[in-house]
Structures are given as structure tokens and as C-alpha cells.
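Novice: What follows is protein05.txt, made up of compact mmCIF, N, CA and C atoms and all ligand atoms:
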```
# COMPACT_ATOMS: atom_id res chain seq x y z
N MET A 4 -9.62 -4.58 4.47
CA MET A 4 -8.77 -5.14 5.52
C MET A 4 -8.04 -3.98 6.19
N ASP A 5 -8.08 -3.94 7.48
CA ASP A 5 -7.29 -2.97 8.22
C ASP A 5 -6.09 -3.68 8.79
N CYS A 6 -5.16 -2.91 9.24
CA CYS A 6 -3.97 -3.47 9.87
C CYS A 6 -4.02 -3.09 11.33
N PRO A 7 -4.70 -3.87 12.16
CA PRO A 7 -4.91 -3.49 13.56
C PRO A 7 -3.59 -3.32 14.28
N GLY A 8 -3.51 -2.23 15.02
CA GLY A 8 -2.31 -1.99 15.80
C GLY A 8 -1.21 -1.33 15.02
N ALA A 9 -1.37 -1.24 13.70
CA ALA A 9 -0.32 -0.65 12.88
C ALA A 9 -0.62 0.83 12.71
N THR A 10 0.16 1.67 13.31
CA THR A 10 0.04 3.12 13.15
C THR A 10 1.41 3.66 12.78
N LEU A 11 1.47 4.31 11.63
CA LEU A 11 2.73 4.86 11.16
C LEU A 11 2.98 6.23 11.77
N ARG A 12 4.24 6.59 11.86
CA ARG A 12 4.60 7.97 12.19
C ARG A 12 4.63 8.75 10.88
N PRO A 13 4.22 10.03 10.91
CA PRO A 13 4.35 10.85 9.71
C PRO A 13 5.81 10.90 9.27
N GLY A 14 6.01 10.96 7.96
CA GLY A 14 7.36 11.04 7.42
C GLY A 14 7.58 9.94 6.41
N PRO A 15 8.83 9.77 6.00
CA PRO A 15 9.12 8.76 4.99
C PRO A 15 8.96 7.34 5.54
N VAL A 16 8.36 6.48 4.74
CA VAL A 16 8.15 5.09 5.12
C VAL A 16 8.69 4.22 3.98
N THR A 17 9.59 3.32 4.31
CA THR A 17 10.12 2.39 3.31
C THR A 17 9.28 1.12 3.32
N VAL A 18 8.81 0.76 2.14
CA VAL A 18 7.92 -0.39 1.99
C VAL A 18 8.60 -1.40 1.08
N VAL A 19 8.62 -2.66 1.48
CA VAL A 19 9.10 -3.73 0.63
C VAL A 19 7.88 -4.54 0.19
N ALA A 20 7.55 -4.43 -1.10
CA ALA A 20 6.40 -5.15 -1.65
C ALA A 20 6.92 -6.44 -2.28
N THR A 21 6.40 -7.57 -1.81
CA THR A 21 6.80 -8.87 -2.33
C THR A 21 5.56 -9.60 -2.83
N ASN A 22 5.61 -10.05 -4.06
CA ASN A 22 4.49 -10.82 -4.60
C ASN A 22 4.72 -12.29 -4.26
N THR A 23 4.01 -12.75 -3.24
CA THR A 23 4.13 -14.15 -2.84
C THR A 23 3.04 -15.01 -3.48
N GLY A 24 2.25 -14.40 -4.37
CA GLY A 24 1.17 -15.15 -5.01
C GLY A 24 1.63 -15.83 -6.29
N SER A 25 0.65 -16.29 -7.05
CA SER A 25 0.96 -17.03 -8.27
C SER A 25 0.52 -16.28 -9.52
N SER A 26 0.04 -15.03 -9.35
CA SER A 26 -0.27 -14.20 -10.50
C SER A 26 0.27 -12.79 -10.25
N GLU A 27 0.16 -11.91 -11.26
CA GLU A 27 0.75 -10.58 -11.14
C GLU A 27 -0.11 -9.68 -10.25
N HIS A 28 0.56 -8.83 -9.49
CA HIS A 28 -0.11 -7.86 -8.63
C HIS A 28 0.73 -6.58 -8.57
N ASP A 29 0.07 -5.50 -8.21
CA ASP A 29 0.81 -4.29 -7.86
C ASP A 29 0.26 -3.78 -6.54
N VAL A 30 0.83 -2.69 -6.06
CA VAL A 30 0.26 -2.05 -4.88
C VAL A 30 0.38 -0.55 -5.07
N VAL A 31 -0.76 0.14 -4.88
CA VAL A 31 -0.83 1.59 -5.01
C VAL A 31 -1.22 2.15 -3.65
N PHE A 32 -0.50 3.19 -3.24
CA PHE A 32 -0.72 3.82 -1.94
C PHE A 32 -1.36 5.18 -2.17
N SER A 33 -2.38 5.50 -1.38
CA SER A 33 -2.98 6.82 -1.48
C SER A 33 -3.31 7.33 -0.08
N GLU A 34 -3.33 8.64 0.01
CA GLU A 34 -3.68 9.29 1.27
C GLU A 34 -4.49 10.52 0.92
N GLY A 35 -5.65 10.66 1.55
CA GLY A 35 -6.51 11.80 1.25
C GLY A 35 -6.93 11.85 -0.21
N GLY A 36 -7.03 10.70 -0.85
CA GLY A 36 -7.46 10.63 -2.24
C GLY A 36 -6.35 10.87 -3.25
N ALA A 37 -5.14 11.20 -2.78
CA ALA A 37 -4.02 11.45 -3.69
C ALA A 37 -3.06 10.26 -3.67
N GLU A 38 -2.65 9.85 -4.86
CA GLU A 38 -1.68 8.75 -4.94
C GLU A 38 -0.34 9.21 -4.39
N ILE A 39 0.25 8.41 -3.52
CA ILE A 39 1.56 8.77 -2.94
C ILE A 39 2.62 7.73 -3.24
N GLY A 40 2.26 6.68 -3.94
CA GLY A 40 3.26 5.69 -4.31
C GLY A 40 2.62 4.56 -5.09
N ARG A 41 3.44 3.92 -5.93
CA ARG A 41 2.92 2.85 -6.78
C ARG A 41 4.06 1.91 -7.13
N SER A 42 3.83 0.63 -6.98
CA SER A 42 4.83 -0.35 -7.40
C SER A 42 4.62 -0.65 -8.88
N HIS A 43 5.60 -1.31 -9.47
CA HIS A 43 5.39 -1.91 -10.78
C HIS A 43 4.38 -3.04 -10.62
N VAL A 44 3.89 -3.55 -11.73
CA VAL A 44 3.13 -4.81 -11.66
C VAL A 44 4.17 -5.91 -11.47
N LEU A 45 4.11 -6.54 -10.31
CA LEU A 45 5.13 -7.50 -9.92
C LEU A 45 4.72 -8.91 -10.33
N LYS A 46 5.66 -9.61 -10.95
CA LYS A 46 5.43 -11.01 -11.28
C LYS A 46 5.57 -11.86 -10.00
N PRO A 47 5.04 -13.06 -10.01
CA PRO A 47 5.20 -13.92 -8.83
C PRO A 47 6.66 -14.00 -8.41
N GLY A 48 6.91 -13.77 -7.14
CA GLY A 48 8.26 -13.85 -6.60
C GLY A 48 9.04 -12.55 -6.69
N GLU A 49 8.52 -11.57 -7.45
CA GLU A 49 9.25 -10.30 -7.56
C GLU A 49 9.05 -9.44 -6.31
N GLN A 50 10.00 -8.55 -6.11
CA GLN A 50 9.98 -7.68 -4.95
C GLN A 50 10.42 -6.29 -5.38
N GLN A 51 9.83 -5.27 -4.76
CA GLN A 51 10.22 -3.90 -5.04
C GLN A 51 10.20 -3.12 -3.74
N THR A 52 11.23 -2.31 -3.56
CA THR A 52 11.29 -1.43 -2.39
C THR A 52 10.96 -0.03 -2.83
N LEU A 53 10.04 0.62 -2.13
CA LEU A 53 9.72 2.00 -2.45
C LEU A 53 9.54 2.79 -1.16
N THR A 54 9.68 4.09 -1.29
CA THR A 54 9.53 4.96 -0.13
C THR A 54 8.35 5.89 -0.38
N ILE A 55 7.45 5.95 0.59
CA ILE A 55 6.30 6.85 0.51
C ILE A 55 6.39 7.85 1.65
N GLN A 56 5.67 8.95 1.51
CA GLN A 56 5.63 9.97 2.56
C GLN A 56 4.28 9.89 3.26
N ALA A 57 4.29 9.54 4.54
CA ALA A 57 3.06 9.48 5.33
C ALA A 57 2.80 10.86 5.95
N THR A 58 1.60 11.38 5.72
CA THR A 58 1.22 12.68 6.27
C THR A 58 0.35 12.47 7.50
N ALA A 59 0.55 13.30 8.51
CA ALA A 59 -0.19 13.17 9.75
C ALA A 59 -1.69 13.10 9.49
N GLY A 60 -2.33 12.20 10.16
CA GLY A 60 -3.78 12.08 10.04
C GLY A 60 -4.22 10.88 9.23
N GLY A 61 -3.52 10.61 8.14
CA GLY A 61 -3.82 9.44 7.32
C GLY A 61 -5.31 9.27 7.08
N PRO A 62 -5.84 8.08 6.91
CA PRO A 62 -5.06 6.85 6.79
C PRO A 62 -4.46 6.72 5.39
N ILE A 63 -3.50 5.82 5.28
CA ILE A 63 -2.96 5.46 3.97
C ILE A 63 -3.72 4.23 3.50
N ARG A 64 -4.20 4.31 2.27
CA ARG A 64 -4.91 3.17 1.69
C ARG A 64 -4.00 2.48 0.69
N LEU A 65 -4.09 1.16 0.68
CA LEU A 65 -3.30 0.34 -0.23
C LEU A 65 -4.27 -0.49 -1.05
N GLU A 66 -4.00 -0.62 -2.34
CA GLU A 66 -4.80 -1.56 -3.11
C GLU A 66 -4.05 -2.03 -4.34
N CYS A 67 -4.45 -3.20 -4.80
CA CYS A 67 -3.93 -3.77 -6.04
C CYS A 67 -4.83 -3.27 -7.17
N THR A 68 -4.21 -2.74 -8.24
CA THR A 68 -5.01 -2.18 -9.33
C THR A 68 -5.21 -3.14 -10.49
N VAL A 69 -4.75 -4.37 -10.36
CA VAL A 69 -5.08 -5.37 -11.38
C VAL A 69 -6.61 -5.54 -11.35
N PRO A 70 -7.28 -5.47 -12.52
CA PRO A 70 -8.75 -5.48 -12.52
C PRO A 70 -9.34 -6.63 -11.69
N GLY A 71 -10.27 -6.24 -10.81
CA GLY A 71 -10.98 -7.21 -9.99
C GLY A 71 -10.30 -7.54 -8.68
N HIS A 72 -9.04 -7.19 -8.55
CA HIS A 72 -8.31 -7.62 -7.35
C HIS A 72 -8.71 -6.85 -6.10
N ALA A 73 -8.82 -5.52 -6.19
CA ALA A 73 -9.22 -4.75 -5.01
C ALA A 73 -10.62 -5.17 -4.57
N ALA A 74 -11.51 -5.38 -5.54
CA ALA A 74 -12.88 -5.80 -5.21
C ALA A 74 -12.89 -7.17 -4.54
N ALA A 75 -11.87 -7.98 -4.84
CA ALA A 75 -11.77 -9.32 -4.24
C ALA A 75 -11.10 -9.27 -2.87
N GLY A 76 -10.72 -8.06 -2.43
CA GLY A 76 -10.19 -7.94 -1.08
C GLY A 76 -8.74 -7.51 -0.99
N MET A 77 -8.08 -7.26 -2.13
CA MET A 77 -6.68 -6.85 -2.08
C MET A 77 -6.57 -5.36 -1.82
N ARG A 78 -6.95 -4.98 -0.64
CA ARG A 78 -6.86 -3.59 -0.22
C ARG A 78 -6.75 -3.58 1.29
N ALA A 79 -6.18 -2.50 1.79
CA ALA A 79 -5.97 -2.38 3.22
C ALA A 79 -5.81 -0.90 3.54
N SER A 80 -5.87 -0.58 4.81
CA SER A 80 -5.56 0.79 5.21
C SER A 80 -4.73 0.75 6.48
N VAL A 81 -3.89 1.76 6.61
CA VAL A 81 -3.00 1.86 7.76
C VAL A 81 -3.14 3.26 8.32
N LEU A 82 -3.25 3.35 9.63
CA LEU A 82 -3.39 4.65 10.29
C LEU A 82 -2.05 5.37 10.31
N VAL A 83 -2.14 6.70 10.35
CA VAL A 83 -0.95 7.53 10.54
C VAL A 83 -1.22 8.40 11.77
N ALA A 84 -0.26 8.44 12.67
CA ALA A 84 -0.43 9.19 13.91
C ALA A 84 -0.53 10.69 13.64
N GLY A 85 -1.14 11.38 14.58
CA GLY A 85 -1.16 12.84 14.55
C GLY A 85 -2.24 13.40 13.66
N ARG A 86 -2.48 14.65 13.82
CA ARG A 86 -3.39 15.38 12.94
C ARG A 86 -3.29 16.84 13.32
CU CU A 101 -3.66 -8.26 -7.13
```
Re-express the file's structure as C-alpha cells.
Ligand SMILES: [Cu+2]
Specialist:
Amino acid sequence: MDCPGATLRPGPVTVVATNTGSSEHDVVFSEGGAEIGRSHVLKPGEQQTLTIQATAGGPIRLECTVPGHAAAGMRASVLVAGR
């Protein structure tokens, strides 16, 4: 899944991760193959705020690392401006 129209500026990005589902999930952020942020495994209804550093060029990839979830589509990427 891409996030059309969503392009981040390089620099710190504050992310609010909210589990609106009915099972546990997390979200891991990576850029250029390196992990740049990771939430706890969030229970349904839990929320966590974290700050990641977006580097020019991106993209930043997001995925849930609960087994089977990324393969089921729980992943996305967001562009970062500049290069
Ligand atoms: Cu998940």
C-alpha cells in the first residue's frame, strides 16, 4: 500500500500509532533498509507516539511485524522529498 500524495519533508516526524483493530499489532519504520523506529506491540485500542527521522530521498517503509501480518497487507511506504 502506498500513501498517494503523502510526501514527508526530511527531518523529525512525529507519528501517532493507534491500534484500531481487534488483535495486537506493531509498526516498524525503515528507510534504506535500516530500521528508524518501532512501536511496542499495541493491544487493541492502545496508542503510542514516536518520533522518527526522515532522510531525504526515502521512501520510508512501514510494516507490522506480527507474523503473517505484513504478508497480509499491513505495510505501506511514504515518500520523502529531496535527494
Ligand atoms: Cu498487524
Novice: Please check which protein, DNA or RNA residues sit within 5 Å of ligand CU 101 (chain A), counting all atoms listed in the file, and write them as a list in words.
Specialist: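 The residues near ligand CU 101 (chain A) are Glu27, His28, Asp29, Cys67 and His72 of chain A.
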Novice: Would you please extract all strand (DSSP E or B) residues from chain A, as assigned by DSSP on the backbone, and give them as a VMD selection string?
Specialist: chain A and resid 5 to 11 14 to 21 28 31 to 34 37 to 41 45 50 to 57 63 to 66 78 to 83
Novice: Distance CA of Ala74 (chain A)-CA of Thr58 (chain A), one decimal place?
Specialist: 25.9 Å
Novice: Nearest to Ala73 (chain A) among A:Thr23, A:Arg12, A:Val30, A:Gly60, with distances taken over only C-alpha atoms: which residue is it?
Specialist: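 Smallest separation from Ala73 (chain A) among the options: A:Val30.
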Novice: To one decimal in Å, tell me the separation between CA of Lys46 (chain A) and CA of Ser26 (chain A).
Specialist: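 Going from CA of Lys46 (chain A) over to CA of Ser26 (chain A), I get 6.6 Å.
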Novice: List as a list of chain:residue names the residues having at least one atom at most 12 Å from position (3.3, -6.6, -12.6) as given in the file, counting only C-alpha atoms.
Specialist: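 The requested residues, written out, are A:Ala20, A:Thr21, A:Asn22, A:Gly24, A:Ser25, A:Ser26, A:Glu27, A:His28, A:Asp29, A:Val30, A:Val31, A:Arg41, A:Ser42, A:His43, A:Val44, A:Leu45, A:Lys46, A:Pro47, A:Gly48, A:Glu49, A:Gln50, A:Gln51, A:Cys67, A:Thr68, A:Val69.
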Novice: Using atom N of Phe32 (chain A) and atom C of Pro62 (chain A) as the two end points, give the distance in Å to one decimal.
Specialist: 10.1 Å
Novice: For Ile39 (chain A), which residue among A:Ile55, A:Val19, A:Leu11, A:Ile63 is the nearest when counting all atoms listed in the file?
Specialist: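 Ranking A:Ile55, A:Val19, A:Leu11, A:Ile63 by distance to Ile39 (chain A), first place goes to A:Ile55.
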Novice: Pick out the closest residue to Gly14 (chain A) from this set: A:Ala59, A:Val81, A:Leu53, A:Ala37. Count only C-alpha atoms.
Specialist: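 Checking each candidate against Gly14 (chain A), we get A:Ala59 as the closest.
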Novice: Counting all atoms listed in the file, which of A:Gly40, A:Thr10, A:Arg78, A:Gly35 gets nearest to Gln56 (chain A)?
Specialist: A:Gly40
